[in-house]
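Novice: Structure below; questions to follow.
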Amino acid sequence: MWKYTIKVDGMMCGMCEAHVNEAVRKAFPVKKVSSSHKKGQTEIITEQELDEALLAKTLHDTGYDMGTVAKEPYQKKSLFGLL
């Protein structure tokens, strides 16, 4: 699994976060997506790598601009992993 942290320019409120999350969910098969207008970023958890050009187009078509993208392997944390 992969975790993407994307800088998104143009988000101003909770509705903006919802628009970005909905657009990403429609364009890609993601496990989880969450956005923060305060941080100016969106985090995506997915099983497969994303097409960054398509992601940029998806955000642009929704009215937002994509900045830097950080990609890292993601391993789900379990409750039992803490013991």
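Scheme for the structure tokens: letters A, B, ... for chains in order shown; per-chain residue numbers from 1; ligand numbers from 1 in order shown.
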Just asking: which residues within range 30-64 of chain A are strand (DSSP E or B) according to DSSP, as a list of chain:residue names?

Specialist: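 So, restricting range 30-64 of chain A to strand (DSSP E or B), we get A:Lys32, A:Val33, A:Ser34, A:Ser35, A:Ser36, A:Gln41, A:Thr42, A:Glu43, A:Ile44, A:Ile45, A:Thr46.
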
Novice: Write a file of the selected residues as a tab-separated table (two decimals), in the first residue's frame, keeping all heavy atoms.

Specialist:
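Final file, result38.tsv:
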chain	number	residue	atom	x	y	z
A	32	LYS	N	-8.51	5.34	1.53
A	32	LYS	CA	-8.85	6.46	2.39
A	32	LYS	C	-8.32	7.74	1.76
A	32	LYS	O	-7.25	7.75	1.18
A	32	LYS	CB	-8.22	6.26	3.78
A	32	LYS	CG	-8.52	7.37	4.75
A	32	LYS	CD	-7.88	7.08	6.11
A	32	LYS	CE	-8.15	8.24	7.05
A	32	LYS	NZ	-7.49	8.05	8.36
A	33	VAL	N	-9.10	8.81	1.91
A	33	VAL	CA	-8.64	10.13	1.47
A	33	VAL	C	-9.13	11.14	2.50
A	33	VAL	O	-10.28	11.08	2.94
A	33	VAL	CB	-9.11	10.48	0.04
A	33	VAL	CG1	-10.61	10.45	-0.08
A	33	VAL	CG2	-8.57	11.83	-0.40
A	34	SER	N	-8.24	12.03	2.90
A	34	SER	CA	-8.63	13.10	3.82
A	34	SER	C	-7.86	14.36	3.46
A	34	SER	O	-6.69	14.31	3.11
A	34	SER	CB	-8.38	12.70	5.27
A	34	SER	OG	-7.00	12.48	5.49
A	35	SER	N	-8.57	15.48	3.54
A	35	SER	CA	-7.98	16.77	3.18
A	35	SER	C	-8.07	17.73	4.35
A	35	SER	O	-8.95	17.62	5.20
A	35	SER	CB	-8.73	17.38	1.99
A	35	SER	OG	-8.62	16.55	0.86
A	36	SER	N	-7.15	18.68	4.37
A	36	SER	CA	-7.14	19.72	5.39
A	36	SER	C	-6.86	21.05	4.72
A	36	SER	O	-5.78	21.24	4.15
A	36	SER	CB	-6.07	19.44	6.44
A	36	SER	OG	-5.91	20.57	7.29
A	41	GLN	N	-3.29	20.41	2.40
A	41	GLN	CA	-2.84	19.13	1.86
A	41	GLN	C	-3.94	18.08	1.90
A	41	GLN	O	-4.92	18.21	2.62
A	41	GLN	CB	-1.62	18.61	2.62
A	41	GLN	CG	-1.91	18.15	4.03
A	41	GLN	CD	-0.65	17.67	4.74
A	41	GLN	OE1	0.46	18.08	4.41
A	41	GLN	NE2	-0.81	16.81	5.73
A	42	THR	N	-3.71	17.05	1.10
A	42	THR	CA	-4.59	15.89	1.04
A	42	THR	C	-3.74	14.65	1.21
A	42	THR	O	-2.65	14.55	0.62
A	42	THR	CB	-5.32	15.84	-0.32
A	42	THR	OG1	-6.15	16.99	-0.44
A	42	THR	CG2	-6.17	14.59	-0.46
A	43	GLU	N	-4.22	13.72	2.03
A	43	GLU	CA	-3.54	12.44	2.22
A	43	GLU	C	-4.40	11.34	1.61
A	43	GLU	O	-5.60	11.29	1.85
A	43	GLU	CB	-3.30	12.14	3.70
A	43	GLU	CG	-2.26	13.03	4.32
A	43	GLU	CD	-1.93	12.65	5.75
A	43	GLU	OE1	-2.64	11.80	6.34
A	43	GLU	OE2	-0.98	13.23	6.29
A	44	ILE	N	-3.75	10.48	0.84
A	44	ILE	CA	-4.44	9.39	0.16
A	44	ILE	C	-3.75	8.08	0.51
A	44	ILE	O	-2.52	7.99	0.40
A	44	ILE	CB	-4.42	9.58	-1.37
A	44	ILE	CG1	-5.08	10.90	-1.76
A	44	ILE	CG2	-5.10	8.41	-2.07
A	44	ILE	CD1	-4.88	11.29	-3.21
A	45	ILE	N	-4.54	7.09	0.91
A	45	ILE	CA	-4.04	5.73	1.14
A	45	ILE	C	-4.63	4.87	0.03
A	45	ILE	O	-5.84	4.85	-0.17
A	45	ILE	CB	-4.47	5.17	2.51
A	45	ILE	CG1	-4.11	6.12	3.66
A	45	ILE	CG2	-3.92	3.77	2.72
A	45	ILE	CD1	-2.66	6.30	3.90
A	46	THR	N	-3.76	4.15	-0.69
A	46	THR	CA	-4.22	3.35	-1.82
A	46	THR	C	-3.36	2.09	-1.96
A	46	THR	O	-2.20	2.08	-1.52
A	46	THR	CB	-4.19	4.18	-3.12
A	46	THR	OG1	-4.67	3.39	-4.20
A	46	THR	CG2	-2.81	4.69	-3.44

Novice: Among chain A, which residues carry a DSSP assignment of alpha helix (DSSP H), reported as number ranges by chain?

Specialist: A: 14-27, 52-62

Novice: So which residues touch Thr62 in chain A within 10 Å, counting only C-alpha atoms, skipping near sequence neighbours fewer than 3 positions away, as a VMD selection string?

Specialist: chain A and resid 16 19 to 20 22 to 24 56 to 59 65

Novice: At a cut-off of 10 Å, using only C-alpha atoms, what residues contact Trp2 in chain A? Leave out same-chain residues fewer than 6 positions from it and give the result as a list in words.

Specialist: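 Counting only C-alpha atoms, the residues come to Val30, Lys31, Ile44, Ile45, Thr46, Glu47, Gln48, Glu49, Leu50, Lys71, Glu72, Pro73, Tyr74 and Gln75 of chain A.
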
Novice: Could you turn the residues from that selection into a file that holds N, CA and C atoms, as a PDB file, in the first residue's frame?

Specialist:
ATOM      1  N   VAL A  30      -9.328   4.335  -4.039  1.00  0.00           N
ATOM      2  CA  VAL A  30      -8.537   4.604  -2.839  1.00  0.00           C
ATOM      3  C   VAL A  30      -9.144   3.926  -1.624  1.00  0.00           C
ATOM      4  N   LYS A  31      -8.306   3.636  -0.644  1.00  0.00           N
ATOM      5  CA  LYS A  31      -8.771   3.090   0.628  1.00  0.00           C
ATOM      6  C   LYS A  31      -9.253   4.213   1.535  1.00  0.00           C
ATOM      7  N   ILE A  44      -3.747  10.483   0.838  1.00  0.00           N
ATOM      8  CA  ILE A  44      -4.442   9.389   0.159  1.00  0.00           C
ATOM      9  C   ILE A  44      -3.748   8.084   0.510  1.00  0.00           C
ATOM     10  N   ILE A  45      -4.535   7.086   0.914  1.00  0.00           N
ATOM     11  CA  ILE A  45      -4.039   5.730   1.139  1.00  0.00           C
ATOM     12  C   ILE A  45      -4.632   4.866   0.032  1.00  0.00           C
ATOM     13  N   THR A  46      -3.757   4.151  -0.690  1.00  0.00           N
ATOM     14  CA  THR A  46      -4.219   3.349  -1.817  1.00  0.00           C
ATOM     15  C   THR A  46      -3.364   2.093  -1.961  1.00  0.00           C
ATOM     16  N   GLU A  47      -3.939   1.064  -2.545  1.00  0.00           N
ATOM     17  CA  GLU A  47      -3.205  -0.183  -2.749  1.00  0.00           C
ATOM     18  C   GLU A  47      -2.289  -0.118  -3.968  1.00  0.00           C
ATOM     19  N   GLN A  48      -2.626   0.738  -4.927  1.00  0.00           N
ATOM     20  CA  GLN A  48      -1.819   0.822  -6.141  1.00  0.00           C
ATOM     21  C   GLN A  48      -1.311   2.247  -6.334  1.00  0.00           C
ATOM     22  N   GLU A  49      -0.235   2.374  -7.079  1.00  0.00           N
ATOM     23  CA  GLU A  49       0.329   3.690  -7.323  1.00  0.00           C
ATOM     24  C   GLU A  49      -0.637   4.524  -8.154  1.00  0.00           C
ATOM     25  N   LEU A  50      -0.622   5.827  -7.894  1.00  0.00           N
ATOM     26  CA  LEU A  50      -1.508   6.744  -8.607  1.00  0.00           C
ATOM     27  C   LEU A  50      -0.797   7.374  -9.794  1.00  0.00           C
ATOM     28  N   LYS A  71       5.402  10.466  -1.714  1.00  0.00           N
ATOM     29  CA  LYS A  71       4.878   9.100  -1.751  1.00  0.00           C
ATOM     30  C   LYS A  71       5.757   8.223  -0.872  1.00  0.00           C
ATOM     31  N   GLU A  72       5.113   7.410  -0.043  1.00  0.00           N
ATOM     32  CA  GLU A  72       5.863   6.504   0.817  1.00  0.00           C
ATOM     33  C   GLU A  72       5.081   5.209   1.003  1.00  0.00           C
ATOM     34  N   PRO A  73       5.786   4.108   1.250  1.00  0.00           N
ATOM     35  CA  PRO A  73       5.086   2.854   1.543  1.00  0.00           C
ATOM     36  C   PRO A  73       4.262   3.032   2.815  1.00  0.00           C
ATOM     37  N   TYR A  74       3.122   2.366   2.858  1.00  0.00           N
ATOM     38  CA  TYR A  74       2.222   2.499   3.998  1.00  0.00           C
ATOM     39  C   TYR A  74       1.878   1.118   4.521  1.00  0.00           C
ATOM     40  N   GLN A  75       1.990   0.972   5.831  1.00  0.00           N
ATOM     41  CA  GLN A  75       1.590  -0.274   6.459  1.00  0.00           C
ATOM     42  C   GLN A  75       0.572   0.067   7.534  1.00  0.00           C
TER      43      GLN A  75
END

Novice: Mind checking which residues fall within 10 Å of Met12 in chain A, counting only C-alpha atoms, ignoring those fewer than 2 positions away in the same chain, and posting them as a ChimeraX atom specification?

Specialist: /A:9-10,14-17,36-38,40

Novice: For Met66 in chain A, which residue among A:Lys26, A:Cys13, A:Lys7, A:Met1 is the nearest when counting only C-alpha atoms?

Specialist: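 Looking only at the distances to Met66 in chain A, the closest residue turns out to be A:Lys7.
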
Novice: Would you mind listing what lies within 9 Å of Thr68 in chain A as number ranges by chain, with only C-alpha atoms counted and same-chain residues fewer than 6 positions away left out?

Specialist: A: 5-8
